[in-house]
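Note sheet for the following structure.
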Amino acid sequence: MNASAIALPPDITVLERGWLSANNVLFDGAHGTALVDSGYHIHSGQTVDLVAASLAGKTLDLLANTHLHSDHCGGNAALQARYATLQTRIPPGQWAEVRQWNAERLGYVPTGQQCPPFRADGVLQPGEQIALGDRIWHIHAAPGHDVHAVILFEPEQRILISGDALWENGFGVVFPEIEGEPGFGDVGATLDLIEQLNPRVVIPGHGSVFTDVPKALEVSRKRLAGFVADPQRHARHAAKVLLKYKLLEWQRIAYADALQWMDDTPYFHMLQERHFADQPFAPWCQLMADELIGASAAQREGDWLINA
């Protein structure tokens with residue numbers, strides 16, 4: 001079914017964003033106004049403008065984050081500056097890190113990404129419920145892509161806000177595995193949970209709203225099985241995703257500077273040391289960049305690396 005033909009209740013507006021920013025889910029109903037996820041920081045002005053235009057003069061009451069990767073909460077600070085009474089709720093696992101603003105433990109330093117500091121006023125506690133728009137949503141823990149992530153499910157209309165736990169064509173990089181912690185099992189358990197919830201409609205963190213959930217689960221499980229069978233495949237994929245994401249931000253950078261950024265970014269060292277220790281670091285970084293080029297996800301023009 002075409003995403004434009006998928007009917008959502010009138011209190012829900014999905015602001016589908018391009019890569020760098022996660023989708024934003026806007027609510028305006030009996031329980032006030034709310035936004036789930038706020039995009040990446042370089043798009044924060046656009047996020048504020050989109051929300052303001054959609055609310056048509058109303059204030060934004062609540063901001064909630066499915067998880068705290070920079071593409072999902074990079075607009076938090078800008079929204080808090082725009083709406084003085086805005087209440088912000090985050091998954092509980094990183095409450096202390098946000099309150100003390102520890103960019104290292106929040107993952108922004110290890111990934112080489114940025115997120116302006118923001119305030120947290122409360123948590124999205126798994127097992128509890130939250131009022132959004134006209135309905136009550138159930139909060140579920142959804143570890144895997146991020147150990148602290150949550151998903152939101154509305155059981156009457158069977159609508160799922162899945163963050164990066166399930167996309168139409170897969171799921172997000174399994175960050176615990178980068179850090180040397182088990183994560184593939186959690187991905188599988190979260191996919192099983194989603195199957196049990198049996199959503200009619202999924203609003204993913206990236207991409208269009210979709211309804212063929214069995215197919216999406218099948219694609220994700222096949223992808224997961226490939227990673228479990230060959231962890232190096234996931235590690236290589238993660239390295240290229242991290243570089244491609246930054247290239248989307250740069251658009252154009254000297255090839256040597258891209259390699260230097262990889263050297264300065266801890267996650268690349270973690271991946272190389274755990275999975276490719278037989279290869280020297282610098283040539284391995286060059287290989288990852290060249291594989292992006294080979295996949296037509298980047299271009300090399302002389303000394304420049306360019307987004308494609």
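We name chains A, B, ... following the order of the structure tokens; residues begin at 1 in each chain, and ligands are numbered from 1 as shown.
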
Compile a residue-level contact table for segment 91-181 of chain A against segment 17-34 of chain A at a cut-off of 6 Å, reporting for every qualifying residue the shortest atom pair and its distance in Å to one decimal, with only C-alpha atoms counted, rows ordered by chain and ascending number, as JSON lines.
```
{"residue": "A:Leu132", "atom": "CA", "partner": "A:His31", "partner_atom": "CA", "distance": 6.0}
{"residue": "A:Gly133", "atom": "CA", "partner": "A:Gly29", "partner_atom": "CA", "distance": 4.0}
{"residue": "A:Asp134", "atom": "CA", "partner": "A:Gly29", "partner_atom": "CA", "distance": 4.8}
```

Preceding selection exported with C-alpha atoms as a PDB file, in the first residue's frame:
```pdb
ATOM      1  CA  LEU A 132      -0.534  11.293  23.194  1.00  0.00           C
ATOM      2  CA  GLY A 133      -3.100  13.089  21.074  1.00  0.00           C
ATOM      3  CA  ASP A 134      -6.470  11.403  21.551  1.00  0.00           C
TER       4      ASP A 134
END
```

Leaving out Leu35 of chain A and any residue of its chain fewer than 4 positions from it, which residues lie within 12 Å of it when counting only C-alpha atoms, given as a PyMOL selection string? chain A and resi 11-15+23-29+39+47-48+50-52+54-55+59-66+72-73+75-76+79-80+86-89+131-133+161

Output as number ranges by chain all residues of segment 1-162 of chain A that backbone DSSP marks as alpha helix (DSSP H). A: 44-55, 70-73, 76-82, 95-100, 108-111

Any idea what's packed within 7 Å of segment 270-277 of chain A, counting only C-alpha atoms, ignoring anything in its chain fewer than 6 positions away? Could you give it as a ChimeraX atom specification? /A:178-179,232,235

Given only C-alpha atoms as the counted atoms, nearest of A:Ala308, A:Asp230, A:Asp146, A:Tyr267 to Lys244 of chain A: A:Ala308

Where does DSSP see strand (DSSP E or B) in segment 36-105 of chain A, if you list the residues as number ranges by chain? A: 36, 62-64, 87-90

I'd like the contact shell of segment 238-242 of chain A - 7 Å cut-off, only C-alpha atoms, skipping same-chain residues fewer than 2 positions apart - returned as a ChimeraX atom specification. /A:173,234-236,244-246,268,288,292

Would you save the residues of that selection, restricted to N, CA and C atoms, as a CSV table (one decimal), in the first residue's frame?
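Writing the result to out35.csv gives the following:
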```csv
chain,number,residue,atom,x,y,z
A,173,VAL,N,21.6,-0.1,12.8
A,173,VAL,CA,22.9,-0.7,13.2
A,173,VAL,C,22.8,-1.1,14.7
A,234,HIS,N,28.3,-7.4,9.8
A,234,HIS,CA,27.6,-6.3,10.5
A,234,HIS,C,28.7,-5.2,10.8
A,235,ALA,N,29.9,-5.6,11.2
A,235,ALA,CA,30.9,-4.6,11.5
A,235,ALA,C,31.2,-3.8,10.3
A,236,ARG,N,31.4,-4.4,9.2
A,236,ARG,CA,31.7,-3.7,8.0
A,236,ARG,C,30.5,-2.7,7.6
A,244,LYS,N,29.0,7.0,6.0
A,244,LYS,CA,28.0,7.6,5.1
A,244,LYS,C,27.1,8.7,5.8
A,245,TYR,N,26.8,8.4,7.1
A,245,TYR,CA,26.0,9.4,7.8
A,245,TYR,C,26.7,10.7,7.9
A,246,LYS,N,28.0,10.6,8.2
A,246,LYS,CA,28.8,11.9,8.3
A,246,LYS,C,29.0,12.5,7.0
A,268,PHE,N,35.3,3.5,15.1
A,268,PHE,CA,36.0,2.9,14.0
A,268,PHE,C,37.2,2.0,14.6
A,288,MET,N,37.1,0.8,3.8
A,288,MET,CA,35.7,1.1,4.1
A,288,MET,C,35.2,2.3,3.2
A,292,LEU,N,32.3,2.2,0.1
A,292,LEU,CA,31.2,3.2,-0.1
A,292,LEU,C,31.2,3.6,-1.6
```

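Candidate residues A:Ala84, A:Ala7, A:Ala56, A:Ile293 were compared for distance to Arg200 of chain A, and the nearest is A:Ala7, using only C-alpha atoms.
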
Can you tell me, as a VMD selection string, what residues are no more than 10 Å from Asp212 of chain A when counting only C-alpha atoms, ignoring any on the same chain fewer than 5 positions away? chain A and resid 1 168 199 to 202 217

So that I can see what lies close to Pro204 of chain A, please list as number ranges by chain the residues with an atom at most 9 Å from it, counting only C-alpha atoms and leaving out residues fewer than 3 positions away in the same chain. A: 22-23, 160-168, 207-210
